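Visitor: Below is the file run_36.cif, which contains mmCIF, C-alpha atoms.
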data_coords
#
loop_
_atom_site.label_atom_id
_atom_site.label_comp_id
_atom_site.auth_asym_id
_atom_site.auth_seq_id
_atom_site.Cartn_x
_atom_site.Cartn_y
_atom_site.Cartn_z
CA MET U 1 16.66 -82.03 75.68
CA GLU U 2 20.34 -81.33 75.12
CA LYS U 3 20.48 -84.09 72.54
CA LYS U 4 17.42 -82.75 70.71
CA LEU U 5 18.94 -79.28 70.60
CA ASP U 6 22.19 -80.68 69.25
CA MET U 7 20.29 -82.57 66.54
CA LEU U 8 18.31 -79.48 65.61
CA LEU U 9 21.42 -77.34 65.36
CA LYS U 10 23.34 -79.92 63.36
CA SER U 11 20.49 -80.34 60.92
CA ALA U 12 19.69 -76.65 60.52
CA LEU U 13 23.30 -75.56 60.17
CA GLU U 14 24.39 -78.13 57.61
CA PRO U 15 26.76 -76.63 55.03
CA GLU U 16 24.29 -76.38 52.15
CA TYR U 17 25.69 -73.54 50.11
CA GLU U 18 27.92 -74.17 47.13
CA PRO U 19 30.11 -71.53 45.52
CA GLU U 20 29.35 -70.89 41.86
CA VAL U 21 31.66 -72.58 39.39
CA TRP U 22 32.72 -69.22 37.94
CA LEU U 23 33.76 -68.05 41.42
CA ASN U 24 36.06 -71.02 41.95
CA ALA U 25 37.48 -70.62 38.46
CA LYS U 26 38.10 -66.91 39.12
CA ILE U 27 40.05 -67.75 42.28
CA VAL U 28 42.16 -70.43 40.62
CA ASN U 29 42.90 -68.16 37.66
CA LYS U 30 44.36 -65.56 39.98
CA VAL U 31 47.02 -67.95 41.17
CA LYS U 32 50.19 -67.55 39.14
CA GLU U 33 51.29 -70.86 37.66
CA PRO U 34 55.05 -71.31 38.16
CA MET U 35 55.02 -74.45 35.97
CA LYS U 36 54.18 -72.34 32.90
CA MET U 37 57.43 -70.40 33.37
CA ASN U 38 59.32 -73.67 33.42
CA LYS U 39 57.58 -74.73 30.20
CA ARG U 40 58.63 -71.49 28.53
CA ARG U 41 62.15 -72.02 29.75
CA ARG U 42 62.13 -75.53 28.30
CA VAL U 43 60.91 -74.17 24.98
CA SER U 44 63.75 -71.67 25.06
CA ILE U 45 66.26 -74.46 25.56
CA VAL U 46 64.77 -76.39 22.66
CA THR U 47 65.00 -73.28 20.51
CA LEU U 48 68.64 -72.84 21.51
CA VAL U 49 69.47 -76.46 20.64
CA THR U 50 67.65 -76.03 17.33
CA VAL U 51 69.73 -72.99 16.47
CA LEU U 52 72.95 -74.88 17.29
CA VAL U 53 71.87 -77.90 15.22
CA LEU U 54 70.94 -75.60 12.35
CA CYS U 55 74.52 -74.46 12.24
CA VAL U 56 75.69 -77.99 11.49
CA GLY U 57 72.83 -78.70 9.03
CA SER U 58 70.90 -81.54 10.70
CA VAL U 59 67.97 -83.17 8.87
CA SER U 60 65.78 -82.95 11.99
CA VAL U 61 66.00 -79.14 11.89
CA TYR U 62 64.64 -79.14 8.33
CA ALA U 63 61.58 -81.01 9.71
CA MET U 64 60.62 -78.01 11.86
CA TRP U 65 60.66 -75.72 8.86
CA ARG U 66 58.49 -77.85 6.65
CA TYR U 67 55.28 -76.39 8.03
CA LEU U 68 53.50 -73.72 6.06
CA SER U 69 53.33 -70.44 7.92
CA PRO U 70 49.86 -69.55 9.29
CA ASP U 71 49.45 -66.67 6.85
CA ARG U 72 50.36 -68.96 3.96
CA VAL U 73 47.66 -71.38 5.12
CA ALA U 74 45.12 -68.53 5.10
CA GLU U 75 46.28 -67.45 1.64
CA LYS U 76 45.70 -70.97 0.33
CA THR U 77 42.08 -70.74 1.54
CA GLY U 78 41.72 -67.53 -0.48
CA ASP U 79 41.62 -65.28 2.57
CA GLY U 80 44.21 -62.56 2.06
CA SER U 81 42.70 -60.42 4.79
CA LEU U 82 43.12 -63.15 7.41
CA ALA U 83 46.63 -63.85 6.09
CA ALA U 84 47.53 -60.22 6.81
CA ALA U 85 46.02 -60.44 10.30
CA LEU U 86 48.08 -63.56 11.02
CA THR U 87 51.28 -61.64 10.35
CA GLY U 88 50.11 -58.59 12.27
CA GLU U 89 50.94 -57.58 15.82
CA ASP U 90 47.69 -59.00 17.19
CA ALA U 91 48.58 -62.52 16.11
CA VAL U 92 49.66 -64.84 18.92
CA VAL U 93 52.36 -67.26 17.80
CA ILE U 94 52.29 -70.44 19.85
CA ASN U 95 53.96 -73.29 17.92
CA GLU U 96 53.28 -75.93 20.53
CA SER U 97 52.90 -79.61 19.58
CA GLN U 98 51.15 -82.49 21.30
CA SER U 99 51.00 -86.11 20.17
CA TYR U 100 48.22 -88.44 21.27
CA GLY U 101 46.81 -91.50 19.56
CA LYS U 102 48.04 -91.67 15.99
CA TYR U 103 48.31 -87.92 15.44
CA LYS U 104 50.60 -85.04 16.19
CA VAL U 105 48.95 -81.64 16.46
CA THR U 106 50.76 -78.32 16.38
CA LEU U 107 48.93 -75.20 17.49
CA MET U 108 50.60 -72.58 15.35
CA SER U 109 48.87 -69.27 15.82
CA ILE U 110 45.74 -67.51 17.08
CA VAL U 111 44.41 -64.11 16.10
CA SER U 112 41.23 -62.36 17.24
CA GLY U 113 39.41 -59.24 16.21
CA GLU U 114 36.69 -57.54 14.26
CA SER U 115 36.35 -58.20 10.51
CA LEU U 116 39.71 -59.93 10.10
CA SER U 117 38.56 -62.22 7.32
CA ASN U 118 37.40 -61.81 3.73
CA HIS U 119 34.60 -64.23 4.54
CA THR U 120 31.71 -63.32 6.82
CA GLN U 121 30.33 -66.08 8.99
CA TYR U 122 26.56 -66.13 9.35
CA HIS U 123 24.71 -67.91 12.10
CA ASN U 124 20.91 -67.91 11.97
CA SER U 125 21.23 -65.23 9.28
CA ILE U 126 23.13 -62.97 11.65
CA PRO U 127 26.67 -61.94 10.63
CA HIS U 128 29.34 -62.78 13.22
CA THR U 129 32.26 -60.50 12.49
CA ASP U 130 34.11 -60.36 15.81
CA ARG U 131 36.01 -63.63 15.64
CA SER U 132 38.95 -65.68 16.80
CA TYR U 133 40.96 -67.79 14.36
CA ALA U 134 43.24 -70.67 15.31
CA VAL U 135 45.62 -72.29 12.84
CA ILE U 136 46.73 -75.84 13.59
CA ALA U 137 48.75 -78.43 11.73
CA ILE U 138 47.93 -82.11 12.07
CA GLU U 139 50.03 -85.01 10.87
CA ASN U 140 50.52 -88.68 11.52
CA ALA U 141 52.64 -89.20 14.61
CA ASP U 142 54.61 -91.94 12.81
CA GLY U 143 55.66 -89.48 10.09
CA GLN U 144 53.59 -91.11 7.33
CA PRO U 145 51.89 -88.57 5.06
CA LEU U 146 48.39 -87.58 6.08
CA THR U 147 45.86 -86.48 3.48
CA GLY U 148 42.80 -84.32 3.83
CA ASP U 149 40.58 -87.21 2.70
CA GLU U 150 41.94 -89.51 5.40
CA LEU U 151 41.41 -86.84 8.03
CA ARG U 152 37.89 -86.11 6.82
CA GLU U 153 37.06 -89.79 7.12
CA ALA U 154 38.50 -90.04 10.63
CA GLY U 155 37.09 -86.67 11.66
CA LEU U 156 38.86 -83.84 13.48
CA TYR U 157 37.19 -81.72 16.13
CA VAL U 158 38.90 -78.44 17.02
CA SER U 159 37.38 -76.04 19.50
CA PHE U 160 38.05 -73.46 22.16
CA PHE U 161 36.95 -74.35 25.66
CA VAL U 162 36.36 -71.91 28.50
CA SER U 163 36.66 -72.79 32.17
CA GLY U 164 33.38 -72.60 34.00
CA TYR U 165 31.49 -73.68 30.92
CA LYS U 166 30.77 -77.32 30.21
CA PRO U 167 32.48 -78.24 26.92
CA TRP U 168 29.47 -80.12 25.63
CA GLN U 169 27.38 -76.96 26.09
CA MET U 170 29.81 -74.32 24.95
CA ASP U 171 32.16 -75.21 22.17
CA VAL U 172 32.87 -74.33 18.56
CA ALA U 173 29.34 -75.32 17.55
CA ALA U 174 27.78 -73.00 20.12
CA MET U 175 30.16 -70.19 19.18
CA ALA U 176 29.15 -69.98 15.50
CA GLY U 177 32.22 -71.98 14.51
CA SER U 178 33.51 -72.84 11.09
CA CYS U 179 36.65 -74.37 9.64
CA SER U 180 38.60 -74.85 6.47
CA ASP U 181 41.41 -77.30 5.70
CA VAL U 182 44.51 -77.10 3.55
CA ASP U 183 46.29 -80.25 2.48
CA GLU U 184 50.01 -79.91 1.81
CA ASP U 185 52.98 -82.31 1.79
CA GLY U 186 51.45 -84.90 4.07
CA ILE U 187 50.28 -82.34 6.62
CA VAL U 188 46.74 -81.04 7.00
CA TYR U 189 46.28 -77.49 8.22
CA ARG U 190 43.05 -76.34 9.74
CA ILE U 191 41.83 -72.83 10.33
CA MET U 192 39.11 -72.94 12.97
CA SER U 193 37.12 -69.78 13.57
CA CYS U 194 34.48 -68.92 16.14
CA ASP U 195 33.14 -65.98 18.11
CA ASN U 196 35.88 -63.93 19.71
CA ILE U 197 37.33 -65.88 22.60
CA GLU U 198 38.71 -62.68 24.18
CA GLN U 199 35.30 -62.00 25.71
CA TYR U 200 36.13 -64.78 28.17
CA ILE U 201 39.43 -63.37 29.34
CA GLY U 202 39.52 -63.86 33.09
CA ASN U 203 38.66 -67.53 32.64
CA GLU U 204 41.05 -70.31 31.69
CA LEU U 205 41.06 -70.64 27.91
CA TYR U 206 41.92 -73.80 26.05
CA LEU U 207 42.10 -75.08 22.53
CA CYS U 208 41.36 -78.73 21.97
CA ALA U 209 42.01 -81.01 19.04
CA GLN U 210 40.24 -84.33 19.21
CA ASP U 211 39.62 -87.15 16.76
CA GLY U 212 36.05 -87.60 15.57
CA SER U 213 33.68 -85.01 14.25
CA PHE U 214 31.99 -84.02 17.52
CA TYR U 215 32.90 -83.48 21.13
CA ASN U 216 33.54 -86.79 22.87
CA VAL U 217 32.71 -86.79 26.60
CA ASN U 218 35.35 -89.45 27.17
CA ALA U 219 38.16 -87.31 25.80
CA TYR U 220 38.14 -84.50 28.37
CA ASP U 221 37.25 -84.09 32.02
CA TYR U 222 35.24 -81.18 33.36
CA ASP U 223 35.62 -80.46 37.07
CA GLU U 224 32.22 -79.35 38.37
CA ALA U 225 33.72 -77.75 41.46
CA THR U 226 36.36 -75.60 39.78
CA GLY U 227 35.13 -75.44 36.18
CA LEU U 228 38.54 -76.46 34.95
CA ILE U 229 38.99 -78.74 31.97
CA SER U 230 41.68 -81.34 31.46
CA ARG U 231 42.56 -84.25 29.23
CA ASN U 232 41.33 -87.71 30.10
CA ASP U 233 44.54 -89.74 30.17
CA THR U 234 42.68 -92.98 29.60
CA TYR U 235 41.28 -91.85 26.26
CA GLY U 236 43.00 -93.85 23.52
CA GLY U 237 42.72 -91.41 20.65
CA LEU U 238 43.73 -87.84 19.97
CA ASN U 239 42.71 -85.47 22.75
CA ALA U 240 45.19 -82.64 22.69
CA LEU U 241 44.51 -79.70 24.98
CA PHE U 242 46.45 -76.46 24.79
CA ASP U 243 46.18 -73.96 27.62
CA VAL U 244 46.20 -70.60 25.85
CA THR U 245 45.06 -68.42 28.75
CA GLU U 246 48.27 -66.48 29.15
CA GLN U 247 49.00 -66.00 25.49
CA ILE U 248 45.56 -64.68 24.65
CA GLY U 249 45.46 -62.57 27.79
CA ARG U 250 48.83 -61.01 26.99
CA ALA U 251 47.86 -60.32 23.38
CA TYR U 252 44.62 -58.69 24.55
CA GLU U 253 46.47 -56.41 26.99
CA GLN U 254 48.93 -55.33 24.32
CA MET C 1 50.61 -73.05 46.49
CA THR C 2 50.25 -74.39 42.96
CA LYS C 3 47.03 -74.21 41.02
CA GLN C 4 46.59 -77.94 41.41
CA GLU C 5 46.91 -77.73 45.19
CA LEU C 6 44.44 -74.86 45.29
CA GLU C 7 42.00 -76.81 43.13
CA MET C 8 42.25 -79.77 45.51
CA CYS C 9 41.71 -77.46 48.47
CA ILE C 10 38.65 -75.91 46.90
CA SER C 11 37.30 -79.29 45.91
CA GLU C 12 37.77 -80.65 49.44
CA TYR C 13 36.72 -77.68 51.58
CA GLY C 14 34.99 -75.22 49.24
CA ARG C 15 31.47 -76.08 50.29
CA ASP C 16 32.20 -75.88 54.03
CA ILE C 17 34.11 -72.63 53.70
CA TYR C 18 31.51 -71.05 51.46
CA SER C 19 28.65 -72.08 53.74
CA PHE C 20 30.49 -70.57 56.67
CA CYS C 21 30.97 -67.35 54.70
CA VAL C 22 27.24 -67.26 53.90
CA TYR C 23 26.29 -67.78 57.54
CA ILE C 24 28.57 -65.15 58.97
CA THR C 25 27.92 -62.51 56.32
CA GLY C 26 24.24 -63.35 55.83
CA SER C 27 24.38 -62.69 52.10
CA ARG C 28 25.50 -64.72 49.09
CA GLN C 29 27.02 -61.65 47.48
CA LEU C 30 29.11 -60.77 50.52
CA ALA C 31 29.93 -64.44 50.99
CA ASP C 32 31.35 -64.50 47.45
CA ASP C 33 33.71 -61.64 48.35
CA LEU C 34 34.76 -63.18 51.65
CA TYR C 35 35.23 -66.63 50.11
CA GLN C 36 37.40 -65.24 47.35
CA ASP C 37 39.46 -63.09 49.72
CA THR C 38 39.92 -66.08 51.99
CA PHE C 39 41.32 -68.43 49.37
CA LEU C 40 43.53 -65.77 47.85
CA LYS C 41 44.94 -65.10 51.30
CA VAL C 42 45.39 -68.82 51.86
CA THR C 43 47.45 -69.13 48.67
CA GLN C 44 49.75 -66.40 49.97
CA LEU C 45 50.15 -68.24 53.27
CA SER C 46 50.32 -71.69 51.70
CA GLY C 47 53.40 -72.67 53.68
CA LYS C 48 51.36 -72.51 56.86
CA ILE C 49 48.48 -74.56 55.51
CA SER C 50 50.65 -77.48 54.56
CA ALA C 51 52.08 -77.61 58.06
CA ASP C 52 48.68 -77.34 59.71
CA SER C 53 47.13 -80.61 60.87
CA ASN C 54 43.62 -79.42 60.01
CA PRO C 55 43.58 -77.39 56.80
CA LYS C 56 39.84 -76.72 57.07
CA SER C 57 40.15 -75.08 60.49
CA TYR C 58 43.10 -73.04 59.20
CA ILE C 59 41.12 -71.78 56.20
CA LEU C 60 38.17 -70.98 58.48
CA SER C 61 40.46 -69.01 60.77
CA VAL C 62 41.66 -66.99 57.78
CA ALA C 63 38.03 -66.32 56.76
CA LEU C 64 37.21 -65.27 60.30
CA ARG C 65 40.18 -62.96 60.55
CA ILE C 66 39.38 -61.28 57.23
CA TRP C 67 35.74 -60.88 58.22
CA LYS C 68 36.62 -59.34 61.58
CA ASN C 69 39.17 -56.98 60.05
CA HIS C 70 36.84 -55.84 57.34
CA LYS C 71 33.50 -55.97 59.12
CA ARG C 72 32.62 -52.58 57.70
CA LYS C 73 33.19 -53.93 54.22
CA TYR C 74 31.05 -56.97 54.89
CA ALA C 75 28.74 -54.71 56.98
CA VAL C 76 26.08 -57.28 57.67
CA ARG C 77 24.96 -57.07 61.24
CA GLN C 78 23.36 -53.65 60.80
CA ARG C 79 21.72 -54.87 57.62
CA ILE C 80 20.79 -58.28 58.93
CA ALA C 81 17.15 -57.33 59.16
CA ASP C 82 17.17 -56.40 55.46
CA VAL C 83 18.90 -59.53 54.24
CA GLN C 84 17.01 -61.86 56.53
CA CYS C 85 14.31 -62.25 53.92
CA GLU C 86 16.88 -62.98 51.22
CA TRP C 87 18.50 -65.53 53.49
CA ASP C 88 15.23 -67.19 54.31
CA GLU C 89 14.37 -67.32 50.63
CA GLN C 90 17.70 -68.96 49.94
CA ALA C 91 17.02 -71.52 52.65
CA LEU C 92 13.65 -72.26 51.13
CA MET C 93 15.24 -72.77 47.74
CA ASN C 94 17.35 -75.64 49.02
CA VAL C 95 16.49 -79.05 47.66
CA PRO C 96 14.22 -80.88 50.12
CA ASP C 97 15.14 -84.25 51.64
CA SER C 98 14.63 -87.03 49.16
CA GLY C 99 11.86 -89.42 49.94
CA ALA C 100 10.12 -87.08 52.36
CA GLU C 101 6.51 -86.10 51.99
CA PRO C 102 6.11 -82.52 50.69
CA ASP C 103 4.43 -81.36 53.95
CA GLU C 104 7.31 -82.77 55.96
CA CYS C 105 9.78 -80.88 53.78
CA VAL C 106 7.99 -77.58 54.39
CA ILE C 107 8.01 -78.23 58.12
CA ARG C 108 11.71 -79.03 58.08
CA GLN C 109 12.45 -75.89 56.11
CA GLU C 110 10.46 -73.84 58.60
CA GLU C 111 12.35 -75.46 61.47
CA LYS C 112 15.64 -74.67 59.76
CA MET C 113 14.59 -71.06 59.30
CA LEU C 114 13.64 -70.73 62.98
CA VAL C 115 16.87 -72.32 64.16
CA ARG C 116 19.04 -70.27 61.82
CA ALA C 117 17.28 -67.08 62.81
CA ALA C 118 17.82 -67.92 66.48
CA VAL C 119 21.52 -68.61 65.86
CA ASN C 120 21.76 -65.38 63.94
CA ARG C 121 20.43 -63.42 66.93
CA LEU C 122 23.31 -64.64 69.12
CA PRO C 123 26.15 -62.20 69.79
CA ASP C 124 29.04 -62.74 67.38
CA ARG C 125 31.34 -64.39 69.88
CA LEU C 126 28.71 -67.07 70.63
CA ARG C 127 27.45 -67.38 67.08
CA ILE C 128 30.91 -68.09 65.67
CA VAL C 129 31.61 -71.00 68.01
CA VAL C 130 28.14 -72.44 67.34
CA LEU C 131 28.77 -72.31 63.59
CA LEU C 132 32.23 -73.82 63.90
CA PHE C 133 30.98 -76.59 66.19
CA TYR C 134 27.71 -77.57 64.48
CA MET C 135 28.23 -76.49 60.90
CA SER C 136 31.95 -76.94 60.34
CA GLU C 137 32.09 -79.82 62.87
CA LEU C 138 35.40 -78.71 64.32
CA SER C 139 36.62 -80.07 67.60
CA VAL C 140 36.79 -77.78 70.63
CA GLN C 141 40.56 -77.78 70.25
CA ASP C 142 40.36 -76.71 66.60
CA ILE C 143 37.75 -74.06 67.40
CA ALA C 144 40.05 -72.67 70.09
CA ARG C 145 42.85 -72.41 67.55
CA THR C 146 40.58 -70.97 64.86
CA VAL C 147 39.09 -68.29 67.08
CA GLY C 148 42.26 -67.71 69.07
CA VAL C 149 40.86 -68.32 72.56
CA PRO C 150 41.50 -71.01 75.20
CA GLN C 151 39.52 -74.25 74.99
CA GLY C 152 37.79 -73.41 78.26
CA THR C 153 36.47 -70.22 76.68
CA VAL C 154 35.12 -72.20 73.72
CA LEU C 155 33.29 -74.58 76.05
CA SER C 156 31.92 -71.69 78.06
CA ARG C 157 30.66 -69.90 74.97
CA LEU C 158 29.07 -73.08 73.62
CA HIS C 159 27.35 -73.62 76.93
CA ARG C 160 25.97 -70.06 77.04
CA ALA C 161 24.89 -70.29 73.41
CA ARG C 162 23.01 -73.52 74.09
CA ILE C 163 21.18 -71.98 77.04
CA ARG C 164 20.00 -69.05 74.95
CA LEU C 165 19.04 -71.27 72.03
CA LYS C 166 17.15 -73.66 74.31
CA ASP C 167 15.04 -70.76 75.57
CA GLU C 168 14.35 -69.48 72.07
CA LEU C 169 13.64 -72.85 70.54
CA GLU C 170 11.82 -74.43 73.48
CA GLY C 171 8.63 -74.86 71.50
CA LEU C 172 10.42 -76.55 68.68
CA ILE C 173 12.38 -78.84 70.96
CA ASN C 174 9.31 -79.77 73.01
CA GLY C 175 7.42 -80.44 69.83
CA LYS C 176 10.09 -82.94 68.84
CA GLU C 177 10.05 -84.59 72.21
CA ALA C 178 6.29 -84.98 72.26
#
Let me see whether you can do it: turn the structure in this file into structure tokens.
Guide:
Amino acid sequence: MEKKLDMLLKSALEPEYEPEVWLNAKIVNKVKEPMKMNKRRRVSIVTLVTVLVLCVGSVSVYAMWRYLSPDRVAEKTGDGSLAAALTGEDAVVINESQSYGKYKVTLMSIVSGESLSNHTQYHNSIPHTDRSYAVIAIENADGQPLTGDELREAGLYVSFFVSGYKPWQMDVAAMAGSCSDVDEDGIVYRIMSCDNIEQYIGNELYLCAQDGSFYNVNAYDYDEATGLISRNDTYGGLNALFDVTEQIGRAYEQ
Amino acid sequence: MTKQELEMCISEYGRDIYSFCVYITGSRQLADDLYQDTFLKVTQLSGKISADSNPKSYILSVALRIWKNHKRKYAVRQRIADVQCEWDEQALMNVPDSGAEPDECVIRQEEKMLVRAAVNRLPDRLRIVVLLFYMSELSVQDIARTVGVPQGTVLSRLHRARIRLKDELEGLINGKEA
């Protein structure tokens, strides 16, 4: 009888309940990430070295300044209103680069808000005016000039991701996304816009840049338990992933 | 504790910890609060968890301590009659065993409900050791450390819990033996 009772209890009291993905993501988000501080410190050191090199006129320093500014990119698309927003106090300047596959991607700036653009995005005939805009620069990692036509042929997928949401279910396409490209001096600039990402503050927020025209399930990993998203290191092409949680959160608070 | 370590912890033990929180609070909503409070506390005390030989029992002890200290906040026992239905509904919503005939699944779910209800009627000090032994599958030694009592006390409480459960579930047990 003892054995039967034990079996009954073991069976009935099996741990069957799973925490929701958003709950795990909420817990993880609350943990301060000391590594991010180190990254900022490293960026500061790079900036310091750059300033020193500038003083002696190195060619490599010129390379950093050959990018168009985000507002200039917007101007070239005919969007003066967005250009102004990208120089305003709500704009988040990031200037972080990642190189994977044959490309180098630089996330330059993000700005979010209501009616920032001259152009209104419609989705199912409904205007979407509360938007986020991300400006990125993409170039060949080997320094060879990249043209808009080449990139269009290869395809470039840029999207925000939100922790707790599967990327293949919630991405730029699901968020009434649109994009426009500017081709200048061997670099292609993309302005990606979608519904305002600030509504997801509290979650981890990412921006991805991946080769191909659509989301590739092999490029990124989604952790079902925590809802967190990461790069798949075994993917051979471009699968850049920028963690923009802090920057967007800070901009929103200000 | 870094985010990565916390993610690994949640991945490894999240289900067990959350299930324990559901059982002791009797409500998914309260379990969410307790589960969150537990892991946030664990990240503050992360030095201790890395030194502990059984991280799961350590996390459970944190959950238990928080629950005891804030019983009013998680105020379940006085409302247990109200949430019992919710809990039973949750149990019924669980995916049935694969390959079993539908009638068998219903019977198993009913058995589970009866057993869980019987466990729930135990006094806290007996109920906790039953949950830690059968649900969390901790050793007597780990239960003693988790609850903060001697091992002899754990064995004594398990024994008394079994006697009470045997009386309550006699019909079920005899049905299985027949």
Visitor: Between U:Val92, U:Ala141, U:Ala225, U:Ala12, single out the one closest to Gly113 in chain U, counting only C-alpha atoms.
Guide: U:Val92
Visitor: Once the PyMOL selection byres ((chain U and resi 67) around 12) has been evaluated on this model, what residues remain selected, and can you format them as a PyMOL selection string?
Guide: chain U and resi 61-66+68-73+95+105-108+135-139+182-189
Visitor: Limited to C-alpha atoms, could you put the picked residues into a file as a PDB file, keeping the file's coordinate frame?
Guide:
ATOM      1  CA  VAL U  61      66.000 -79.140  11.890  1.00  0.00           C
ATOM      2  CA  TYR U  62      64.640 -79.140   8.330  1.00  0.00           C
ATOM      3  CA  ALA U  63      61.580 -81.010   9.710  1.00  0.00           C
ATOM      4  CA  MET U  64      60.620 -78.010  11.860  1.00  0.00           C
ATOM      5  CA  TRP U  65      60.660 -75.720   8.860  1.00  0.00           C
ATOM      6  CA  ARG U  66      58.490 -77.850   6.650  1.00  0.00           C
ATOM      7  CA  LEU U  68      53.500 -73.720   6.060  1.00  0.00           C
ATOM      8  CA  SER U  69      53.330 -70.440   7.920  1.00  0.00           C
ATOM      9  CA  PRO U  70      49.860 -69.550   9.290  1.00  0.00           C
ATOM     10  CA  ASP U  71      49.450 -66.670   6.850  1.00  0.00           C
ATOM     11  CA  ARG U  72      50.360 -68.960   3.960  1.00  0.00           C
ATOM     12  CA  VAL U  73      47.660 -71.380   5.120  1.00  0.00           C
ATOM     13  CA  ASN U  95      53.960 -73.290  17.920  1.00  0.00           C
ATOM     14  CA  VAL U 105      48.950 -81.640  16.460  1.00  0.00           C
ATOM     15  CA  THR U 106      50.760 -78.320  16.380  1.00  0.00           C
ATOM     16  CA  LEU U 107      48.930 -75.200  17.490  1.00  0.00           C
ATOM     17  CA  MET U 108      50.600 -72.580  15.350  1.00  0.00           C
ATOM     18  CA  VAL U 135      45.620 -72.290  12.840  1.00  0.00           C
ATOM     19  CA  ILE U 136      46.730 -75.840  13.590  1.00  0.00           C
ATOM     20  CA  ALA U 137      48.750 -78.430  11.730  1.00  0.00           C
ATOM     21  CA  ILE U 138      47.930 -82.110  12.070  1.00  0.00           C
ATOM     22  CA  GLU U 139      50.030 -85.010  10.870  1.00  0.00           C
ATOM     23  CA  VAL U 182      44.510 -77.100   3.550  1.00  0.00           C
ATOM     24  CA  ASP U 183      46.290 -80.250   2.480  1.00  0.00           C
ATOM     25  CA  GLU U 184      50.010 -79.910   1.810  1.00  0.00           C
ATOM     26  CA  ASP U 185      52.980 -82.310   1.790  1.00  0.00           C
ATOM     27  CA  GLY U 186      51.450 -84.900   4.070  1.00  0.00           C
ATOM     28  CA  ILE U 187      50.280 -82.340   6.620  1.00  0.00           C
ATOM     29  CA  VAL U 188      46.740 -81.040   7.000  1.00  0.00           C
ATOM     30  CA  TYR U 189      46.280 -77.490   8.220  1.00  0.00           C
TER      31      TYR U 189
END
Visitor: Show me which bits of chain U are within 6 Å of chain C, counting all atoms listed in the file, as a count of residues only.
Guide: 8
Visitor: What is the CA of Gly227 in chain U to CA of Gly155 in chain U distance in Å?
Guide: 27.0 Å
Visitor: At a cut-off of 7 Å, using only C-alpha atoms, what residues contact range 114-126 of chain U? Leave out same-chain residues fewer than 6 positions from it and give the result as JSON, numbers by chain.
Guide: {"U": [79, 81, 82, 85, 176]}
Visitor: Set the distance at 10 Å and use only C-alpha atoms: which residues neighbour Asn203 in chain U once local chain neighbours fewer than 6 positions away are removed? I'd like the list as a ChimeraX atom specification.
Guide: /U:22,25-30,161-165,227-228,245,249
Visitor: Could you jot down the CA of Ala91 in chain U to CA of Leu238 in chain U separation for me, Å, one decimal place?
Guide: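 Pair CA of Ala91 in chain U / CA of Leu238 in chain U returns 26.1 Å.
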Visitor: Rounded to one decimal in Å, what is the spacing between CA of Val111 in chain U and CA of Asp181 in chain U?
Guide: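 We find that CA of Val111 in chain U and CA of Asp181 in chain U lie 17.1 Å from each other.
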Visitor: Care to translate the PyMOL selection byres ((chain U and resi 247) around 12) into actual residues of this file, as a PyMOL selection string?
Guide: chain U and resi 36+40+90-96+109-112+198+201+204-207+242-246+248-254
Visitor: Dump C-alpha atoms for the selected residues as a compact mmCIF listing (two decimals), in the frame of the given file?
Guide:
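What landed in part_22.txt:
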# COMPACT_ATOMS: atom_id res chain seq x y z
CA LYS U 36 54.18 -72.34 32.90
CA ARG U 40 58.63 -71.49 28.53
CA ASP U 90 47.69 -59.00 17.19
CA ALA U 91 48.58 -62.52 16.11
CA VAL U 92 49.66 -64.84 18.92
CA VAL U 93 52.36 -67.26 17.80
CA ILE U 94 52.29 -70.44 19.85
CA ASN U 95 53.96 -73.29 17.92
CA GLU U 96 53.28 -75.93 20.53
CA SER U 109 48.87 -69.27 15.82
CA ILE U 110 45.74 -67.51 17.08
CA VAL U 111 44.41 -64.11 16.10
CA SER U 112 41.23 -62.36 17.24
CA GLU U 198 38.71 -62.68 24.18
CA ILE U 201 39.43 -63.37 29.34
CA GLU U 204 41.05 -70.31 31.69
CA LEU U 205 41.06 -70.64 27.91
CA TYR U 206 41.92 -73.80 26.05
CA LEU U 207 42.10 -75.08 22.53
CA PHE U 242 46.45 -76.46 24.79
CA ASP U 243 46.18 -73.96 27.62
CA VAL U 244 46.20 -70.60 25.85
CA THR U 245 45.06 -68.42 28.75
CA GLU U 246 48.27 -66.48 29.15
CA ILE U 248 45.56 -64.68 24.65
CA GLY U 249 45.46 -62.57 27.79
CA ARG U 250 48.83 -61.01 26.99
CA ALA U 251 47.86 -60.32 23.38
CA TYR U 252 44.62 -58.69 24.55
CA GLU U 253 46.47 -56.41 26.99
CA GLN U 254 48.93 -55.33 24.32
Visitor: Determine the residue membership of the PyMOL selection byres ((chain U and resi 212-219) around 7) for the file above and supply it as JSON, numbers by chain.
Guide: {"U": [154, 155, 156, 157, 168, 210, 211, 220, 231, 232, 235, 239]}
